[in-house]
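A.B. asks: Sharing a structure here in structure tokens format.
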Amino acid sequence: MNAIEMKNISKNFDGLKAIDNLSLDIPENSVFAILGPNGAGKTTVINILSTLLKPDKGTVKILGFDIMKESKKVRELIGLTGQYACVDEALTAKQNLLVFGQLLGLSRKEAKIRGNELLKEFNLEDAANKPIQKFSGGMRRRLDLAVSLIDRPKLIFLDEPTTGLDPRTRNQMWSTIKNLVKKGSTVLLTTQYLEEADQLSDEIVIMDKGKIIAKGTAESLKKEYKAKNLDEVFLKITGDRTDGKNNNYEELTIVKEVV
Amino acid sequence: MFLKTIKESLIIFERNFLKMMKTPEQLMDTLIFPIVFLLMFTYIFGGAISGSTANYLPIVIPGILVFCVLNTAGASGTNLKEDIETGIFNRFKSMPISRIAPLVGALICDSIRFVISILVTFTLAIIMGFWPSSGFIGILLALIFAVFCGWCISWIFAFIGLIMRTSGSVQGISFVIIMPLMFISNALVPVDTMPKVLEIIAKINPVTHMVSAVKDLFIGSIFSQEIFISLIFMIVVVIVFAPLTLKVYMKKQL
């Protein structure tokens, strides 16, 4: 079964096409990366898949359940880590895990036990009783990820999990995600970093302006576009699409800068 | 289903409560204005308005209590928006919990906020020498009345919190709404000294009715017309704004 089946999804914001007739199947037990510059529509896709946003057109099935008709069921199966760490600043790591654990139906005691497990797994034990305000960016992201894993979701969405992190904490986050994948979760992540997609994912789609412009494994993409690395693939694809003048230039430099 | 919603609301209430306790400065922010007004109006203008500070206290204290309630209600809208800005409502919405629970949890926590700010302000009033003739029961009823009004009015500010773009603008709007309502009422001065037009506005102003209701409770007349008018106004506010707020909340991507 496919973890995600998207058919002809469109979403407009104030007349602007954020997602333009997008179809995509993502198999179970894989790591899938959506790669694209700022404004490509990556977060909109994640928001639709995680039932936060209704598409204007099209259907989506998550592990066989329709996101519109069976949104409750879908929410039981997914975990979401948004683009910005959304944990409570004023609360401690422990309290955050306790609140979310209980919301997910665990008893107080169970939530405590599960919280401690996750703190250990994510190397946050020492900071467990500190308010999040005192956490570094990397620790916040790790806690955020830990929170979305409380009820062991079958499918995990990571929206730009390492944007804004320094290279060292990014590497830490990558190894955390790799560990997660080893345990057999399906992960869909979005990223602006070509290297991240290359490092983490089995399959990659490249998105720009609400459309998929390329799809394949890192290797197959490199082969297809006769490029040494994904960076070149990206340049070739987005370069080809421009008619005469390169209107993607600005976005490209952003992507290049951060890589 | 209903029980599950209550349970989830209480968990989120607990979260908001913990948060409130960890950030006492947030509560202080809403209290500073009423307290400064109370001290300033009593000791600077009190004598000029009522002949003496002691004579002025029964006029100003019901007014300040209502002001305190309005200000706290305004702050609850700002807090809600701040919470939404952190993205945590998105996480709530992606979880298999009742959609309404985060909002209900926040509103329950607001009630506690009202109780605390009313108690602090009233304690200060007692320290300044105010003691209503109605005695303990009257005081209790007056404070419960004030908290109830605050809770009803916080629906208005919750609605504003949901539709505005930033928490800063919510704060700004609250201020612009609350200040004229406060000044063009009997909260700080008797209205019969105002120019005719202002006097008419002041007499229609719901704040005036609320202040008069608190005054009535402080002198022990429990069945006054002012209390009746205020309660009707509050119920209308809830009937109008609760569904509006819920509708925006359910529809909007936060």
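Identifiers in the structure tokens: chain A, B, ... in order shown; residue index from 1 per chain; ligand index from 1 in order shown.
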For chain A, which residues have at least one atom within 6 Å of chain B, if we go by only C-alpha atoms? Write them as a PyMOL selection string, please.
C.D. replies: chain A and resi 50+72+75-76+86+90+103
A.B. asks: Which polymer residues have any atom within 10 Å of an atom of A:Gly184, counting only C-alpha atoms, with same-chain residues fewer than 6 positions away left out, as a PyMOL selection string?
C.D. replies: chain A and resi 28-31+154-155
A.B. asks: Can I get the selected residues back with N, CA and C atoms, as an mmCIF file, in the first residue's frame?
C.D. replies:
data_model
loop_
_atom_site.group_PDB
_atom_site.id
_atom_site.type_symbol
_atom_site.label_atom_id
_atom_site.label_comp_id
_atom_site.auth_asym_id
_atom_site.auth_seq_id
_atom_site.Cartn_x
_atom_site.Cartn_y
_atom_site.Cartn_z
ATOM 1 N N GLU A 28 5.096 3.054 1.296
ATOM 2 C CA GLU A 28 5.348 2.906 2.725
ATOM 3 C C GLU A 28 6.800 2.553 2.995
ATOM 4 N N ASN A 29 7.230 2.820 4.219
ATOM 5 C CA ASN A 29 8.593 2.515 4.663
ATOM 6 C C ASN A 29 9.673 3.101 3.777
ATOM 7 N N SER A 30 9.478 4.337 3.390
ATOM 8 C CA SER A 30 10.526 4.983 2.625
ATOM 9 C C SER A 30 10.728 6.386 3.172
ATOM 10 N N VAL A 31 11.828 6.980 2.767
ATOM 11 C CA VAL A 31 12.034 8.386 3.111
ATOM 12 C C VAL A 31 11.955 9.181 1.830
ATOM 13 N N LYS A 154 2.709 6.256 12.197
ATOM 14 C CA LYS A 154 3.175 5.434 11.071
ATOM 15 C C LYS A 154 3.841 6.294 10.014
ATOM 16 N N LEU A 155 3.370 7.554 9.951
ATOM 17 C CA LEU A 155 3.865 8.446 8.908
ATOM 18 C C LEU A 155 4.262 9.762 9.557
#
A.B. asks: With only C-alpha atoms as the basis for distance, which of A:Lys42, A:Lys69, A:Lys7, A:Lys94 is at the shortest distance from A:Leu188?
C.D. replies: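 Ranked by minimum distance to A:Leu188, first place goes to A:Lys42.
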A.B. asks: Which residues are close to A:Pro153, i.e. within 6 Å by only C-alpha atoms, leaving aside same-chain residues fewer than 3 positions away? Reply as a ChimeraX atom specification.
C.D. replies: /A:77-79
A.B. asks: Keeping only N, CA and C atoms, write the selected residues to a file as a JSON list (two decimals), in the first residue's frame.
C.D. replies:
[["chain", "number", "residue", "atom", "x", "y", "z"],
["A", 77, "LEU", "N", -2.77, 8.76, 12.72],
["A", 77, "LEU", "CA", -1.68, 8.00, 12.10],
["A", 77, "LEU", "C", -0.44, 8.83, 11.81],
["A", 78, "ILE", "N", -0.58, 10.16, 11.87],
["A", 78, "ILE", "CA", 0.54, 10.99, 11.44],
["A", 78, "ILE", "C", 1.18, 11.75, 12.60],
["A", 79, "GLY", "N", 2.43, 12.13, 12.37],
["A", 79, "GLY", "CA", 3.11, 13.03, 13.30],
["A", 79, "GLY", "C", 3.63, 14.19, 12.48]]
A.B. asks: Would you give me, as a PDB file with C-alpha atoms, in the first residue's frame, the residues in stretch 67-250 of chain B that DSSP reads as helix (DSSP H, G or I)?
C.D. replies:
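The resulting result02.pdb:
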ATOM      1  CA  PHE B  67     -11.549  48.445  33.845  1.00  0.00           C
ATOM      2  CA  CYS B  68      -9.482  45.600  35.248  1.00  0.00           C
ATOM      3  CA  VAL B  69     -11.900  43.081  33.754  1.00  0.00           C
ATOM      4  CA  LEU B  70     -11.876  44.764  30.331  1.00  0.00           C
ATOM      5  CA  ASN B  71      -8.114  44.990  30.321  1.00  0.00           C
ATOM      6  CA  THR B  72      -7.709  41.343  31.249  1.00  0.00           C
ATOM      7  CA  ALA B  73     -10.206  40.357  28.559  1.00  0.00           C
ATOM      8  CA  GLY B  74      -8.210  42.403  26.047  1.00  0.00           C
ATOM      9  CA  ALA B  75      -5.028  40.680  27.147  1.00  0.00           C
ATOM     10  CA  SER B  76      -6.637  37.272  26.711  1.00  0.00           C
ATOM     11  CA  GLY B  77      -7.146  38.079  23.020  1.00  0.00           C
ATOM     12  CA  THR B  78      -3.512  39.122  22.727  1.00  0.00           C
ATOM     13  CA  ASN B  79      -2.345  35.985  24.522  1.00  0.00           C
ATOM     14  CA  LEU B  80      -4.429  33.807  22.242  1.00  0.00           C
ATOM     15  CA  LYS B  81      -2.895  35.434  19.178  1.00  0.00           C
ATOM     16  CA  GLU B  82       0.611  35.097  20.633  1.00  0.00           C
ATOM     17  CA  ASP B  83      -0.064  31.426  21.217  1.00  0.00           C
ATOM     18  CA  ILE B  84      -1.278  31.007  17.650  1.00  0.00           C
ATOM     19  CA  GLU B  85       1.814  32.793  16.347  1.00  0.00           C
ATOM     20  CA  ILE B  88       1.348  25.391  18.495  1.00  0.00           C
ATOM     21  CA  PHE B  89      -2.274  25.526  17.334  1.00  0.00           C
ATOM     22  CA  ASN B  90      -1.187  23.886  14.102  1.00  0.00           C
ATOM     23  CA  ARG B  91       0.221  21.046  16.104  1.00  0.00           C
ATOM     24  CA  PHE B  92      -3.014  20.783  18.082  1.00  0.00           C
ATOM     25  CA  LYS B  93      -4.967  20.716  14.857  1.00  0.00           C
ATOM     26  CA  ALA B 101     -10.348  21.852  23.032  1.00  0.00           C
ATOM     27  CA  PRO B 102      -7.432  24.325  22.679  1.00  0.00           C
ATOM     28  CA  LEU B 103      -9.846  27.263  22.616  1.00  0.00           C
ATOM     29  CA  VAL B 104     -11.939  25.976  25.524  1.00  0.00           C
ATOM     30  CA  GLY B 105      -8.785  25.270  27.539  1.00  0.00           C
ATOM     31  CA  ALA B 106      -7.606  28.824  26.936  1.00  0.00           C
ATOM     32  CA  LEU B 107     -10.963  30.280  27.988  1.00  0.00           C
ATOM     33  CA  ILE B 108     -11.056  28.245  31.204  1.00  0.00           C
ATOM     34  CA  CYS B 109      -7.586  29.504  32.033  1.00  0.00           C
ATOM     35  CA  ASP B 110      -8.734  33.067  31.347  1.00  0.00           C
ATOM     36  CA  SER B 111     -11.365  32.694  34.070  1.00  0.00           C
ATOM     37  CA  ILE B 112      -8.568  32.032  36.566  1.00  0.00           C
ATOM     38  CA  ARG B 113      -6.765  35.084  35.222  1.00  0.00           C
ATOM     39  CA  PHE B 114      -9.903  37.166  35.872  1.00  0.00           C
ATOM     40  CA  VAL B 115     -10.212  35.886  39.428  1.00  0.00           C
ATOM     41  CA  ILE B 116      -6.584  36.692  40.185  1.00  0.00           C
ATOM     42  CA  SER B 117      -6.637  40.181  38.716  1.00  0.00           C
ATOM     43  CA  ILE B 118      -9.952  41.056  40.388  1.00  0.00           C
ATOM     44  CA  LEU B 119      -8.707  39.817  43.750  1.00  0.00           C
ATOM     45  CA  VAL B 120      -5.445  41.762  43.495  1.00  0.00           C
ATOM     46  CA  THR B 121      -7.227  44.976  42.532  1.00  0.00           C
ATOM     47  CA  PHE B 122      -9.878  44.592  45.221  1.00  0.00           C
ATOM     48  CA  THR B 123      -7.273  43.845  47.894  1.00  0.00           C
ATOM     49  CA  LEU B 124      -5.526  47.080  46.983  1.00  0.00           C
ATOM     50  CA  ALA B 125      -8.867  48.902  47.264  1.00  0.00           C
ATOM     51  CA  ILE B 126      -9.340  47.539  50.792  1.00  0.00           C
ATOM     52  CA  ILE B 127      -5.824  48.589  51.740  1.00  0.00           C
ATOM     53  CA  GLY B 135     -20.602  43.352  53.600  1.00  0.00           C
ATOM     54  CA  PHE B 136     -19.137  40.042  52.605  1.00  0.00           C
ATOM     55  CA  ILE B 137     -21.991  38.595  50.512  1.00  0.00           C
ATOM     56  CA  GLY B 138     -22.299  41.791  48.464  1.00  0.00           C
ATOM     57  CA  ILE B 139     -18.559  41.827  47.839  1.00  0.00           C
ATOM     58  CA  LEU B 140     -18.586  38.197  46.775  1.00  0.00           C
ATOM     59  CA  LEU B 141     -21.488  38.786  44.384  1.00  0.00           C
ATOM     60  CA  ALA B 142     -19.825  41.904  42.959  1.00  0.00           C
ATOM     61  CA  LEU B 143     -16.580  40.057  42.299  1.00  0.00           C
ATOM     62  CA  ILE B 144     -18.371  37.063  40.769  1.00  0.00           C
ATOM     63  CA  PHE B 145     -20.355  39.459  38.600  1.00  0.00           C
ATOM     64  CA  ALA B 146     -17.128  41.136  37.430  1.00  0.00           C
ATOM     65  CA  VAL B 147     -15.470  37.808  36.604  1.00  0.00           C
ATOM     66  CA  PHE B 148     -18.559  36.689  34.686  1.00  0.00           C
ATOM     67  CA  CYS B 149     -18.605  39.926  32.659  1.00  0.00           C
ATOM     68  CA  GLY B 150     -14.913  39.494  31.918  1.00  0.00           C
ATOM     69  CA  TRP B 151     -15.412  35.973  30.689  1.00  0.00           C
ATOM     70  CA  CYS B 152     -18.266  37.057  28.397  1.00  0.00           C
ATOM     71  CA  ILE B 153     -16.294  39.986  27.020  1.00  0.00           C
ATOM     72  CA  SER B 154     -13.226  37.839  26.405  1.00  0.00           C
ATOM     73  CA  TRP B 155     -15.208  36.215  23.564  1.00  0.00           C
ATOM     74  CA  ILE B 156     -15.081  39.566  21.755  1.00  0.00           C
ATOM     75  CA  PHE B 157     -11.338  39.790  22.153  1.00  0.00           C
ATOM     76  CA  ALA B 158     -10.840  36.122  21.297  1.00  0.00           C
ATOM     77  CA  PHE B 159     -12.623  36.897  18.029  1.00  0.00           C
ATOM     78  CA  ILE B 160     -10.385  39.924  17.435  1.00  0.00           C
ATOM     79  CA  GLY B 161      -7.384  37.759  18.314  1.00  0.00           C
ATOM     80  CA  LEU B 162      -8.345  35.271  15.622  1.00  0.00           C
ATOM     81  CA  ILE B 163      -8.973  37.742  12.816  1.00  0.00           C
ATOM     82  CA  SER B 167      -0.558  40.006  18.419  1.00  0.00           C
ATOM     83  CA  GLY B 168       0.693  43.589  18.428  1.00  0.00           C
ATOM     84  CA  SER B 169      -2.304  44.737  16.430  1.00  0.00           C
ATOM     85  CA  VAL B 170      -4.649  42.831  18.746  1.00  0.00           C
ATOM     86  CA  GLN B 171      -3.159  44.732  21.647  1.00  0.00           C
ATOM     87  CA  GLY B 172      -3.493  48.016  19.786  1.00  0.00           C
ATOM     88  CA  ILE B 173      -7.126  47.415  18.872  1.00  0.00           C
ATOM     89  CA  SER B 174      -8.003  46.342  22.409  1.00  0.00           C
ATOM     90  CA  PHE B 175      -6.538  49.555  23.729  1.00  0.00           C
ATOM     91  CA  VAL B 176      -8.457  51.660  21.206  1.00  0.00           C
ATOM     92  CA  ILE B 177     -11.702  49.905  22.153  1.00  0.00           C
ATOM     93  CA  ILE B 178     -11.243  49.897  25.914  1.00  0.00           C
ATOM     94  CA  MET B 179      -9.967  53.426  26.571  1.00  0.00           C
ATOM     95  CA  PRO B 180     -12.878  55.457  25.123  1.00  0.00           C
ATOM     96  CA  LEU B 181     -15.374  53.054  26.698  1.00  0.00           C
ATOM     97  CA  MET B 182     -13.678  53.640  30.037  1.00  0.00           C
ATOM     98  CA  PHE B 183     -13.407  57.411  29.868  1.00  0.00           C
ATOM     99  CA  VAL B 191     -21.462  61.558  34.114  1.00  0.00           C
ATOM    100  CA  ASP B 192     -23.792  64.501  34.925  1.00  0.00           C
ATOM    101  CA  THR B 193     -20.890  66.967  34.764  1.00  0.00           C
ATOM    102  CA  LYS B 196     -24.849  66.813  27.026  1.00  0.00           C
ATOM    103  CA  VAL B 197     -23.680  64.726  24.047  1.00  0.00           C
ATOM    104  CA  LEU B 198     -21.034  62.881  26.044  1.00  0.00           C
ATOM    105  CA  GLU B 199     -23.487  62.366  28.868  1.00  0.00           C
ATOM    106  CA  ILE B 200     -25.925  60.664  26.517  1.00  0.00           C
ATOM    107  CA  ILE B 201     -23.191  58.446  25.107  1.00  0.00           C
ATOM    108  CA  ALA B 202     -21.957  57.652  28.606  1.00  0.00           C
ATOM    109  CA  LYS B 203     -25.432  56.635  29.698  1.00  0.00           C
ATOM    110  CA  ILE B 204     -25.804  54.223  26.789  1.00  0.00           C
ATOM    111  CA  PRO B 206     -22.498  49.268  28.578  1.00  0.00           C
ATOM    112  CA  VAL B 207     -19.492  50.005  30.753  1.00  0.00           C
ATOM    113  CA  THR B 208     -21.611  52.527  32.663  1.00  0.00           C
ATOM    114  CA  HIS B 209     -24.234  49.871  33.329  1.00  0.00           C
ATOM    115  CA  MET B 210     -21.613  47.403  34.467  1.00  0.00           C
ATOM    116  CA  VAL B 211     -20.048  49.947  36.799  1.00  0.00           C
ATOM    117  CA  SER B 212     -23.466  50.885  38.202  1.00  0.00           C
ATOM    118  CA  ALA B 213     -24.248  47.215  38.712  1.00  0.00           C
ATOM    119  CA  VAL B 214     -21.049  46.708  40.714  1.00  0.00           C
ATOM    120  CA  LYS B 215     -21.884  49.853  42.724  1.00  0.00           C
ATOM    121  CA  ASP B 216     -25.346  48.459  43.457  1.00  0.00           C
ATOM    122  CA  LEU B 217     -23.915  45.174  44.634  1.00  0.00           C
ATOM    123  CA  PHE B 218     -21.501  47.067  46.884  1.00  0.00           C
ATOM    124  CA  GLN B 225     -32.114  47.204  37.152  1.00  0.00           C
ATOM    125  CA  GLU B 226     -28.463  47.891  36.273  1.00  0.00           C
ATOM    126  CA  ILE B 227     -27.469  44.317  37.070  1.00  0.00           C
ATOM    127  CA  PHE B 228     -30.300  43.071  34.908  1.00  0.00           C
ATOM    128  CA  ILE B 229     -29.298  45.305  31.970  1.00  0.00           C
ATOM    129  CA  SER B 230     -25.630  44.302  32.269  1.00  0.00           C
ATOM    130  CA  LEU B 231     -26.420  40.607  32.393  1.00  0.00           C
ATOM    131  CA  ILE B 232     -28.628  40.885  29.321  1.00  0.00           C
ATOM    132  CA  PHE B 233     -25.854  42.721  27.520  1.00  0.00           C
ATOM    133  CA  MET B 234     -23.350  40.018  28.496  1.00  0.00           C
ATOM    134  CA  ILE B 235     -25.626  37.247  27.299  1.00  0.00           C
ATOM    135  CA  VAL B 236     -26.086  39.036  23.968  1.00  0.00           C
ATOM    136  CA  VAL B 237     -22.307  39.356  23.646  1.00  0.00           C
ATOM    137  CA  VAL B 238     -21.862  35.621  24.174  1.00  0.00           C
ATOM    138  CA  ILE B 239     -24.720  34.731  21.837  1.00  0.00           C
ATOM    139  CA  VAL B 240     -23.211  36.888  19.088  1.00  0.00           C
ATOM    140  CA  PHE B 241     -19.497  36.370  19.586  1.00  0.00           C
ATOM    141  CA  ALA B 242     -19.210  32.754  20.731  1.00  0.00           C
ATOM    142  CA  PRO B 243     -20.558  31.321  17.445  1.00  0.00           C
ATOM    143  CA  LEU B 244     -18.602  33.898  15.416  1.00  0.00           C
ATOM    144  CA  THR B 245     -15.372  33.070  17.225  1.00  0.00           C
ATOM    145  CA  LEU B 246     -15.944  29.349  16.906  1.00  0.00           C
ATOM    146  CA  LYS B 247     -16.736  29.678  13.220  1.00  0.00           C
ATOM    147  CA  VAL B 248     -13.560  31.617  12.464  1.00  0.00           C
ATOM    148  CA  TYR B 249     -11.534  29.302  14.674  1.00  0.00           C
ATOM    149  CA  MET B 250     -12.759  26.115  12.996  1.00  0.00           C
TER     150      MET B 250
END
A.B. asks: Fewer than 4 positions away in the same chain doesn't count, so skip those; otherwise give me all residues within 7 Å of A:Ser23, counting only C-alpha atoms, as a ChimeraX atom specification.
C.D. replies: /A:6-9
